[in-house]
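Participant: Sharing a structure here in structure tokens format.
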Amino acid sequence: MDPIKNNSVERQQLSAGLKRLQQPVLPLVSMVQFLYLTGPFTHVAEVIEEMPSPIETPYTTYENSQDMLQRHLQALQLLETIKTGVEPQFTVVSEQDEPVDAMTAISAVALQQILTDELEEINSLLCAPCGCRLCCIGPTQGMEQDFFEIPLKKKETSLFTIPHLDTAETRCHRSMDENPLIEDGVAFYTRTDPALFHWQNGWSLILPKSTDCPNLETEQGRCRVYGDRPEVCRRPQIFPYIVEKLDSNGAKPLYRLRHSILAVMDCPYVATLQEEIAAYGAACELEVLFKQNKA
């Protein structure tokens with residue numbers, strides 16, 4: 001049985017995550033940003049303390065606006081640098097690769113962090129009831145992809161007791177190079193087991209065809225390191241793309257404005273909740289892009 005085509009979930013199983021999906025924090029954040037930048041406030045926390053409850057919007061009613069905003073206070077405090085005139089420690093460009101003004105850049109990066117944190121919570125609530133392992137397996141034999149890649153931070157590589165390939169050759173390549181890394185005379189992805197590679201742009205787990213993540217307990221379909229799982233594994237399958245991080249040769253991180261959310265249709269809860277995800281994006285004033293990934 002193909003797990004990509006035979007995975008479904010009932011709407012009632014997703015009630016906890018759906019409740020959070022129907023309470024997006026970004027409309028509240030927009031209110032705070034407007035009041036802070038136009039009012040006599042020194043700190044964002046002052047604005048949050050004055051937010052009333054309940055707050056009604058065309059999309060939903062917020063009963064605990066202050067509590068919701070307090071969870072994101074650290075990211076919201078980035079807005080304070082707009083008033084102080086501190087130069088951003090990052091660069092943001094438009095989709096035409098033109099640098100944007102400081103206010104737009106700071107606001108976009110703050111909103112990206114807030115949306116990332118919220119979607120991590122929402123995705124975790126939606127993922128748990130599915131009993132799904134789509135994010136943990138390599139391509140099946142009928143797929144056109146030769147491998148799937150899971151990007152990792154260096155500290156996360158210790159979670160995997162499989163070969164770690166870190167050589168001058170791996171560091172000169174990227175996984176998607178037109179001329180792939182060659183191992184023992186063949187392309188790296190023809191290996192029969194998963195492995196970690198230190199590429200030019202960092203570490204990743206490579207899952208060749210018909211392989212599983214080494215931390216997947218196959219009988220029950222559970223993750224052996226769930227509590228410590230990599231950051232990327234905490235964020236299936238609705239991704240924030242207010243800004244997209246780009247490779248940068250400069251001293252500052254580089255981002256491109258995207259103003260969107262990516263929802264991966266392979267995921268059973270995304271397929272079930274398309275209308276609700278689209279409504280969430282509309283409430284956040286972001287375009288929602290539905291995409292098939294492992295077709």
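Numbering starts fresh at 1 for the residues of each chain in the structure tokens, the chains themselves are lettered A, B, ... in the order given, and ligands are numbered from 1 as they appear.
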Using backbone DSSP assignments, extract all helix (DSSP H, G or I) residues from region 2-248 of chain A; output them as a count of residues only.

Facilitator: 99

Participant: Find the residues around region 138-149 of chain A up to 12 Å (only C-alpha atoms counted), leave out those fewer than 2 positions away in its own chain, and share them as an MDAnalysis selection string.

Facilitator: chainID A and resid 1:5 133:136 151:152 174:176 180 187:197 199 202:214 216 232:233 293:295

Participant: Give me, please, the distance in Å between CA of Ala105 (chain A) and CA of Gln33 (chain A), quoted to one decimal.

Facilitator: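 For CA of Ala105 (chain A) relative to CA of Gln33 (chain A), the distance reads 13.6 Å.
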
Participant: Using only C-alpha atoms, I'd like a table of the residues in region 229-261 of chain A that come within 12 Å of region 11-26 of chain A; for each, show the closest atom pair and its distance in Å rounded to one decimal, ordered by chain and ascending number, as JSON lines.

Facilitator:
{"residue": "A:Ile238", "atom": "CA", "partner": "A:Leu21", "partner_atom": "CA", "distance": 10.9}
{"residue": "A:Pro240", "atom": "CA", "partner": "A:Leu26", "partner_atom": "CA", "distance": 11.9}
{"residue": "A:Ile242", "atom": "CA", "partner": "A:Leu26", "partner_atom": "CA", "distance": 11.5}

Participant: Could you check the closest approach to Ile122 (chain A) for each of A:Ser248, A:Gln220, A:Gln200, A:Gln237 and tell me which residue wins, using only C-alpha atoms?

Facilitator: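 Of A:Ser248, A:Gln220, A:Gln200, A:Gln237, the one nearest Ile122 (chain A), counting only C-alpha atoms, is A:Gln237.
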
Participant: Do a neighbour search on Leu69 (chain A) at 10 Å with only C-alpha atoms, toss out local chain neighbours closer than 2 positions, and write the hits as a PDB file with N, CA and C atoms, in the first residue's frame.

Facilitator:
ATOM      1  N   VAL A  25      -2.866  34.841  15.317  1.00  0.00           N
ATOM      2  CA  VAL A  25      -2.413  35.976  16.118  1.00  0.00           C
ATOM      3  C   VAL A  25      -2.022  37.181  15.248  1.00  0.00           C
ATOM      4  N   LEU A  26      -1.741  36.994  13.966  1.00  0.00           N
ATOM      5  CA  LEU A  26      -1.245  38.109  13.150  1.00  0.00           C
ATOM      6  C   LEU A  26      -2.209  39.296  13.055  1.00  0.00           C
ATOM      7  N   LEU A  28      -4.005  40.454  15.439  1.00  0.00           N
ATOM      8  CA  LEU A  28      -3.730  41.185  16.681  1.00  0.00           C
ATOM      9  C   LEU A  28      -2.380  41.885  16.608  1.00  0.00           C
ATOM     10  N   VAL A  29      -1.403  41.206  16.028  1.00  0.00           N
ATOM     11  CA  VAL A  29      -0.067  41.795  15.888  1.00  0.00           C
ATOM     12  C   VAL A  29      -0.124  43.051  15.033  1.00  0.00           C
ATOM     13  N   VAL A  32      -1.268  45.874  17.186  1.00  0.00           N
ATOM     14  CA  VAL A  32      -0.205  46.308  18.089  1.00  0.00           C
ATOM     15  C   VAL A  32       0.829  47.139  17.334  1.00  0.00           C
ATOM     16  N   ALA A  45       5.415  46.333  24.974  1.00  0.00           N
ATOM     17  CA  ALA A  45       4.680  45.769  26.106  1.00  0.00           C
ATOM     18  C   ALA A  45       3.616  46.734  26.627  1.00  0.00           C
ATOM     19  N   ILE A  48       0.523  46.192  24.530  1.00  0.00           N
ATOM     20  CA  ILE A  48      -0.136  44.924  24.851  1.00  0.00           C
ATOM     21  C   ILE A  48      -0.951  45.054  26.132  1.00  0.00           C
ATOM     22  N   GLU A  49      -0.409  45.756  27.114  1.00  0.00           N
ATOM     23  CA  GLU A  49      -1.107  45.926  28.392  1.00  0.00           C
ATOM     24  C   GLU A  49      -2.417  46.689  28.233  1.00  0.00           C
ATOM     25  N   MET A  51      -4.371  46.423  25.476  1.00  0.00           N
ATOM     26  CA  MET A  51      -5.265  45.747  24.538  1.00  0.00           C
ATOM     27  C   MET A  51      -6.503  45.236  25.281  1.00  0.00           C
ATOM     28  N   ASN A  64      -8.773  36.390  24.772  1.00  0.00           N
ATOM     29  CA  ASN A  64      -7.587  36.609  25.609  1.00  0.00           C
ATOM     30  C   ASN A  64      -6.460  37.202  24.760  1.00  0.00           C
ATOM     31  N   SER A  65      -6.688  38.383  24.224  1.00  0.00           N
ATOM     32  CA  SER A  65      -5.721  38.984  23.308  1.00  0.00           C
ATOM     33  C   SER A  65      -4.374  39.240  23.979  1.00  0.00           C
ATOM     34  N   GLN A  66      -4.377  39.703  25.223  1.00  0.00           N
ATOM     35  CA  GLN A  66      -3.116  39.997  25.896  1.00  0.00           C
ATOM     36  C   GLN A  66      -2.281  38.738  26.085  1.00  0.00           C
ATOM     37  N   ASP A  67      -2.921  37.649  26.496  1.00  0.00           N
ATOM     38  CA  ASP A  67      -2.187  36.388  26.689  1.00  0.00           C
ATOM     39  C   ASP A  67      -1.582  35.907  25.372  1.00  0.00           C
ATOM     40  N   ARG A  71       2.896  35.832  24.423  1.00  0.00           N
ATOM     41  CA  ARG A  71       3.700  34.684  23.978  1.00  0.00           C
ATOM     42  C   ARG A  71       4.720  35.085  22.919  1.00  0.00           C
ATOM     43  N   HIS A  72       4.431  36.191  22.214  1.00  0.00           N
ATOM     44  CA  HIS A  72       5.291  36.611  21.108  1.00  0.00           C
ATOM     45  C   HIS A  72       5.995  37.934  21.404  1.00  0.00           C
ATOM     46  N   LEU A  73       6.105  38.270  22.683  1.00  0.00           N
ATOM     47  CA  LEU A  73       6.664  39.565  23.055  1.00  0.00           C
ATOM     48  C   LEU A  73       8.094  39.734  22.559  1.00  0.00           C
ATOM     49  N   GLN A  74       8.911  38.689  22.661  1.00  0.00           N
ATOM     50  CA  GLN A  74      10.312  38.818  22.242  1.00  0.00           C
ATOM     51  C   GLN A  74      10.413  39.204  20.768  1.00  0.00           C
ATOM     52  N   LEU A  76       8.037  40.649  18.990  1.00  0.00           N
ATOM     53  CA  LEU A  76       7.429  41.961  18.832  1.00  0.00           C
ATOM     54  C   LEU A  76       8.374  43.086  19.253  1.00  0.00           C
ATOM     55  N   ILE A 114       7.012  35.300  14.470  1.00  0.00           N
ATOM     56  CA  ILE A 114       5.736  35.087  15.160  1.00  0.00           C
ATOM     57  C   ILE A 114       4.937  33.994  14.467  1.00  0.00           C
TER      58      ILE A 114
END

Participant: Give me the residues near region 34-42 of chain A as a VMD selection string, where near means some atom within 9 Å (using only C-alpha atoms) and where sequence neighbours in that chain fewer than 6 positions away do not count.

Facilitator: chain A and resid 79 to 80 82 to 83

Participant: What is the distance between CA of Glu276 (chain A) and CA of Pro52 (chain A), in Å to one decimal?

Facilitator: 26.3 Å

Participant: Restricting the calculation to only C-alpha atoms, which member of A:Cys172, A:Leu125, A:Ile150, A:Val243 is positioned closest to Ser107 (chain A)?

Facilitator: A:Val243

Participant: Using only C-alpha atoms for the distances, tell me which of A:Glu217, A:Asp228, A:Thr170, A:Glu98 is nearest to Glu156 (chain A).

Facilitator: A:Asp228

Participant: Pick out the closest residue to Ser260 (chain A) from this set: A:Gln112, A:Gln292, A:Ser53, A:Thr81. Count only C-alpha atoms.

Facilitator: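 Closest to Ser260 (chain A) of all the choices is A:Gln112.
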
Participant: Can you work out which one of A:Ser94, A:Ala271, A:Glu285, A:Leu111 has the shortest atom-to-atom distance to Glu10 (chain A), counting only C-alpha atoms?

Facilitator: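 The closest residue to Glu10 (chain A) is A:Ala271.
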
Participant: Hey, can you check how far CA of Phe290 (chain A) sits from CA of Thr60 (chain A)?

Facilitator: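 Between CA of Phe290 (chain A) and CA of Thr60 (chain A) the gap works out to 23.3 Å.
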